[in-house]
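A.B. asks: First, the structure itself, so that you have it in front of you.
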Amino acid sequence: MRFLPTDEQSDFARTLRSLLGSAQVPATVRAWADGEHGPGRALWSRLAGTGLFALAAPEPYEGLGLLPLELSLGFVELGRAGVPGPVVESAAASVLLSELGTVLDEELAKRFVPGLASGATSATLTLPGGGPYALDADAATHCFTVSPAGELRLAAGRGELLASTDPARRLYRPAPDGELLAAGPAVVAAAETALHWARLLTAAQCLGVGEALLARTVEYAKQRTQFAAPIGSFQAVKHRLADTLLALEFARPLVWAAALSPAAPDVAAAKLSAGEACYRAAMTALQLHGAVGYTEELDLSLWLRKARPLRDAWGTPSACRAEVLRSRAGEGAPVTPARG
């Protein structure tokens, strides 16, 4: 098995990194947090031009095929750059509707998926097991909800705004009513598939955010001096940075393995590992930057604020850990009770 990206996949990731590197993403994030979505939508359009969103849609609906590995590589770059908006949710909605188009209603998929694949529209959604809040419902073109009973609805409004630790992640509790699009066991099954994709892509985002935090912290440790020496030369600082790097590097193959074989336990393990590694990178960055790490003026704060919400989005660490343990119990392996 080849466990490294192909040249074509690596070129795609580099293209995204170059595009995002010249896009003034920090200014876009700050505007998004203030409710100004124009710069974010312009960036969304540029990302769509690379075919990123088409990777979450089958060819019959004007996509490039359901390609989780390529999409995960792209979402690492979105996390690294700190891109705002319901990018995970749009991809998950595309998967949800594409699944229903295959087994239930092709016209339903044709109504929404081509727009999502082209980037002309965006979506946010809530799914059973993914939490009750819809991300950026004020900015998304569509807001979908799936009830535990298997009712897929197009929400009539964005609903109530709730506070978030990350101002660029605007959470809404959508109204329970709205147009009923589909219902039944097929919706439940499609929602479960979409949840796995949302977890996988959030894990990829976590990996990118963690890498960005570590890179900025290493650079700061080289420049910041104490006792006439860079703090990066101190053994305790070296150990902290090394531990952070190891956590990210251990998470990376789990994310790629889950993308190659997106079974529920593999995805849960990837989300758990990447989310915890991302959060560790944030804590390391905050500690080693000292008091300056708390300032909003420093771009570092844009990534610091993403770490915990992304760690908990689409499956908290405890939920993902429980899913991995359940799968091992089903295989006959001994189960150790989870802590924390």
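Every chain in the structure tokens takes a letter, A first, then B, and so on in the order presented; its residues are numbered from 1, and the ligands are numbered from 1 following the presented order.
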Tell me, as a list in words, which residues lie within 12 Å of Ser10 in chain A, counting only C-alpha atoms; anything in the same chain fewer than 5 positions away does not count.
C.D. replies: Leu4, Pro5, Thr15, Leu16, Arg17, Leu69, Glu70, Leu71, Ser72, Leu73, Gly74, Val76 and Glu77 of chain A
A.B. asks: Keeping N, CA, C and O atoms for every residue in the selection just given, could you write it to a file as a tab-separated table (two decimals), in the first residue's frame?
C.D. replies:
chain	number	residue	atom	x	y	z
A	4	LEU	N	1.73	7.53	0.91
A	4	LEU	CA	2.10	8.91	0.69
A	4	LEU	C	1.26	9.46	-0.46
A	4	LEU	O	0.84	8.71	-1.35
A	5	PRO	N	0.99	10.76	-0.47
A	5	PRO	CA	0.23	11.34	-1.58
A	5	PRO	C	0.97	11.15	-2.90
A	5	PRO	O	2.20	11.13	-2.94
A	15	THR	N	-0.97	23.84	-4.81
A	15	THR	CA	-1.75	24.88	-5.48
A	15	THR	C	-2.64	25.62	-4.49
A	15	THR	O	-2.72	26.86	-4.49
A	16	LEU	N	-3.30	24.86	-3.62
A	16	LEU	CA	-4.14	25.48	-2.61
A	16	LEU	C	-3.31	26.32	-1.65
A	16	LEU	O	-3.71	27.44	-1.27
A	17	ARG	N	-2.16	25.80	-1.24
A	17	ARG	CA	-1.32	26.55	-0.29
A	17	ARG	C	-0.86	27.86	-0.90
A	17	ARG	O	-0.83	28.90	-0.23
A	69	LEU	N	-9.70	11.29	0.09
A	69	LEU	CA	-8.28	11.54	0.32
A	69	LEU	C	-7.87	12.89	-0.25
A	69	LEU	O	-7.21	13.70	0.43
A	70	GLU	N	-8.24	13.15	-1.48
A	70	GLU	CA	-7.90	14.43	-2.10
A	70	GLU	C	-8.55	15.59	-1.34
A	70	GLU	O	-7.93	16.64	-1.12
A	71	LEU	N	-9.80	15.37	-0.92
A	71	LEU	CA	-10.50	16.42	-0.18
A	71	LEU	C	-9.84	16.66	1.18
A	71	LEU	O	-9.70	17.81	1.61
A	72	SER	N	-9.38	15.60	1.82
A	72	SER	CA	-8.70	15.75	3.10
A	72	SER	C	-7.41	16.54	2.95
A	72	SER	O	-7.07	17.39	3.79
A	73	LEU	N	-6.65	16.26	1.90
A	73	LEU	CA	-5.43	17.03	1.64
A	73	LEU	C	-5.76	18.52	1.50
A	73	LEU	O	-5.04	19.38	2.01
A	74	GLY	N	-6.85	18.79	0.81
A	74	GLY	CA	-7.27	20.19	0.64
A	74	GLY	C	-7.67	20.82	1.95
A	74	GLY	O	-7.35	21.99	2.23
A	76	VAL	N	-6.62	20.09	4.95
A	76	VAL	CA	-5.44	20.40	5.76
A	76	VAL	C	-4.96	21.81	5.43
A	76	VAL	O	-4.62	22.61	6.32
A	77	GLU	N	-4.95	22.14	4.14
A	77	GLU	CA	-4.51	23.48	3.73
A	77	GLU	C	-5.49	24.55	4.18
A	77	GLU	O	-5.07	25.65	4.56
A.B. asks: Please report, as a ChimeraX atom specification, each residue of range 43-76 of chain A to which DSSP assigns helix (DSSP H, G or I) when run on this structure's backbone.
C.D. replies: /A:43-49,53-55,59-61,68-76
A.B. asks: Near range 302-317 of chain A, counting only C-alpha atoms, which residues have an atom at most 7 Å away, once you skip same-chain residues fewer than 4 positions from it, shown as a list of chain:residue names?
C.D. replies: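 Returned residues: A:Gly82, A:Gly130, A:Gly131, A:Thr165, A:Asp166, A:Ala198, A:Arg199, A:Thr202, A:Cys206, A:Val209, A:Leu213, A:Leu272, A:Gly275, A:Glu276, A:Cys278, A:Tyr279, A:Ala282, A:Arg321.
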A.B. asks: Nearest residue to His142 in chain A out of A:Leu127, A:Ala93, A:Pro230, A:Gly184, using only C-alpha atoms?
C.D. replies: A:Ala93
A.B. asks: Could you give me, as an mmCIF file with N, CA and C atoms, in the first residue's frame, the residues within 7 Å of Ala203 in chain A, counting only C-alpha atoms and dropping anything in the same chain fewer than 6 positions from it?
C.D. replies:
data_model
loop_
_atom_site.group_PDB
_atom_site.id
_atom_site.type_symbol
_atom_site.label_atom_id
_atom_site.label_comp_id
_atom_site.auth_asym_id
_atom_site.auth_seq_id
_atom_site.Cartn_x
_atom_site.Cartn_y
_atom_site.Cartn_z
ATOM 1 N N VAL A 255 -5.284 10.119 9.901
ATOM 2 C CA VAL A 255 -6.169 10.876 8.996
ATOM 3 C C VAL A 255 -6.120 10.290 7.598
ATOM 4 N N ALA A 270 -9.141 9.021 13.898
ATOM 5 C CA ALA A 270 -8.444 10.139 13.265
ATOM 6 C C ALA A 270 -8.891 11.467 13.871
ATOM 7 N N LYS A 271 -10.184 11.613 14.063
ATOM 8 C CA LYS A 271 -10.706 12.858 14.642
ATOM 9 C C LYS A 271 -10.208 13.053 16.074
ATOM 10 N N ALA A 274 -6.248 13.830 15.835
ATOM 11 C CA ALA A 274 -5.947 15.135 15.239
ATOM 12 C C ALA A 274 -6.491 16.270 16.103
ATOM 13 N N GLY A 275 -7.679 16.082 16.670
ATOM 14 C CA GLY A 275 -8.249 17.117 17.519
ATOM 15 C C GLY A 275 -7.422 17.364 18.762
#
A.B. asks: Name the residues of range 63-146 of chain A that come out as strand (DSSP E) in a backbone DSSP run; write them as a list in words.
C.D. replies: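 Taking range 63-146 of chain A and keeping strand (DSSP E) gives Gly65, Leu66, Ala123, Thr124, Leu125, Thr126, Ala134, Leu135, His142, Cys143, Phe144, Thr145 and Val146 of chain A.
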A.B. asks: Write a file of the selected residues as a compact mmCIF listing (two decimals), in the first residue's frame, keeping N, CA and C atoms.
C.D. replies:
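Dumped everything to part_3.txt:
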# COMPACT_ATOMS: atom_id res chain seq x y z
N GLY A 65 -16.25 13.35 -8.39
CA GLY A 65 -16.28 12.06 -7.74
C GLY A 65 -16.09 12.22 -6.25
N LEU A 66 -16.59 11.27 -5.48
CA LEU A 66 -16.40 11.32 -4.03
C LEU A 66 -14.97 10.86 -3.72
N ALA A 123 -23.57 25.54 2.03
CA ALA A 123 -24.57 24.94 2.90
C ALA A 123 -24.02 24.75 4.29
N THR A 124 -24.92 24.76 5.25
CA THR A 124 -24.61 24.32 6.59
C THR A 124 -25.68 23.31 6.98
N LEU A 125 -25.42 22.53 8.01
CA LEU A 125 -26.38 21.48 8.36
C LEU A 125 -26.15 21.00 9.78
N THR A 126 -27.18 20.36 10.30
CA THR A 126 -27.09 19.63 11.57
C THR A 126 -27.44 18.17 11.30
N ALA A 134 -25.95 24.87 13.79
CA ALA A 134 -25.57 25.01 12.38
C ALA A 134 -24.54 26.14 12.27
N LEU A 135 -23.39 25.84 11.72
CA LEU A 135 -22.32 26.82 11.60
C LEU A 135 -22.61 27.81 10.48
N HIS A 142 -27.90 27.55 1.95
CA HIS A 142 -28.90 26.59 2.41
C HIS A 142 -28.54 26.12 3.82
N CYS A 143 -29.58 25.84 4.60
CA CYS A 143 -29.38 25.26 5.93
C CYS A 143 -30.25 24.02 6.01
N PHE A 144 -29.61 22.85 6.11
CA PHE A 144 -30.32 21.57 6.18
C PHE A 144 -30.29 21.04 7.61
N THR A 145 -31.35 20.37 7.98
CA THR A 145 -31.39 19.70 9.28
C THR A 145 -31.88 18.27 9.08
N VAL A 146 -31.29 17.35 9.82
CA VAL A 146 -31.73 15.96 9.82
C VAL A 146 -32.07 15.60 11.26
A.B. asks: Could you list, as a ChimeraX atom specification, every residue within 12 Å of Glu219 in chain A, counting only C-alpha atoms and ignoring same-chain residues fewer than 6 positions away?
C.D. replies: /A:212-213,225,230-232,241,285,288-289,300
A.B. asks: So that I have them on file, write out the residues from the current selection with C-alpha atoms, as a PDB file, in the first residue's frame.
C.D. replies:
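Saved the output as out_8.pdb:
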ATOM      1  CA  ALA A 212       0.180  26.399  11.565  1.00  0.00           C
ATOM      2  CA  LEU A 213       0.315  26.941  15.331  1.00  0.00           C
ATOM      3  CA  THR A 225      15.322  36.028  23.702  1.00  0.00           C
ATOM      4  CA  PRO A 230      16.697  32.507  22.128  1.00  0.00           C
ATOM      5  CA  ILE A 231      14.092  30.691  24.206  1.00  0.00           C
ATOM      6  CA  GLY A 232      14.151  27.948  21.567  1.00  0.00           C
ATOM      7  CA  LEU A 241       7.844  21.681  20.806  1.00  0.00           C
ATOM      8  CA  ALA A 285       1.681  28.180  21.356  1.00  0.00           C
ATOM      9  CA  LEU A 288       5.514  29.812  24.758  1.00  0.00           C
ATOM     10  CA  HIS A 289       4.236  33.106  23.375  1.00  0.00           C
ATOM     11  CA  LEU A 300      -1.831  33.805  16.158  1.00  0.00           C
TER      12      LEU A 300
END
A.B. asks: Of the candidates A:Pro185, A:Pro174, A:Gly85, A:Gly79, which one gets nearest to Ala139 in chain A if we count only C-alpha atoms?
C.D. replies: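 Distance minimum relative to Ala139 in chain A lands on A:Gly85.
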A.B. asks: Given the choices A:Phe53, A:Leu180, A:Glu36, A:Asp266, which gets closest to Ser90 in chain A if the distance is worked out from only C-alpha atoms?
C.D. replies: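 Of A:Phe53, A:Leu180, A:Glu36, A:Asp266, the one nearest Ser90 in chain A, counting only C-alpha atoms, is A:Phe53.
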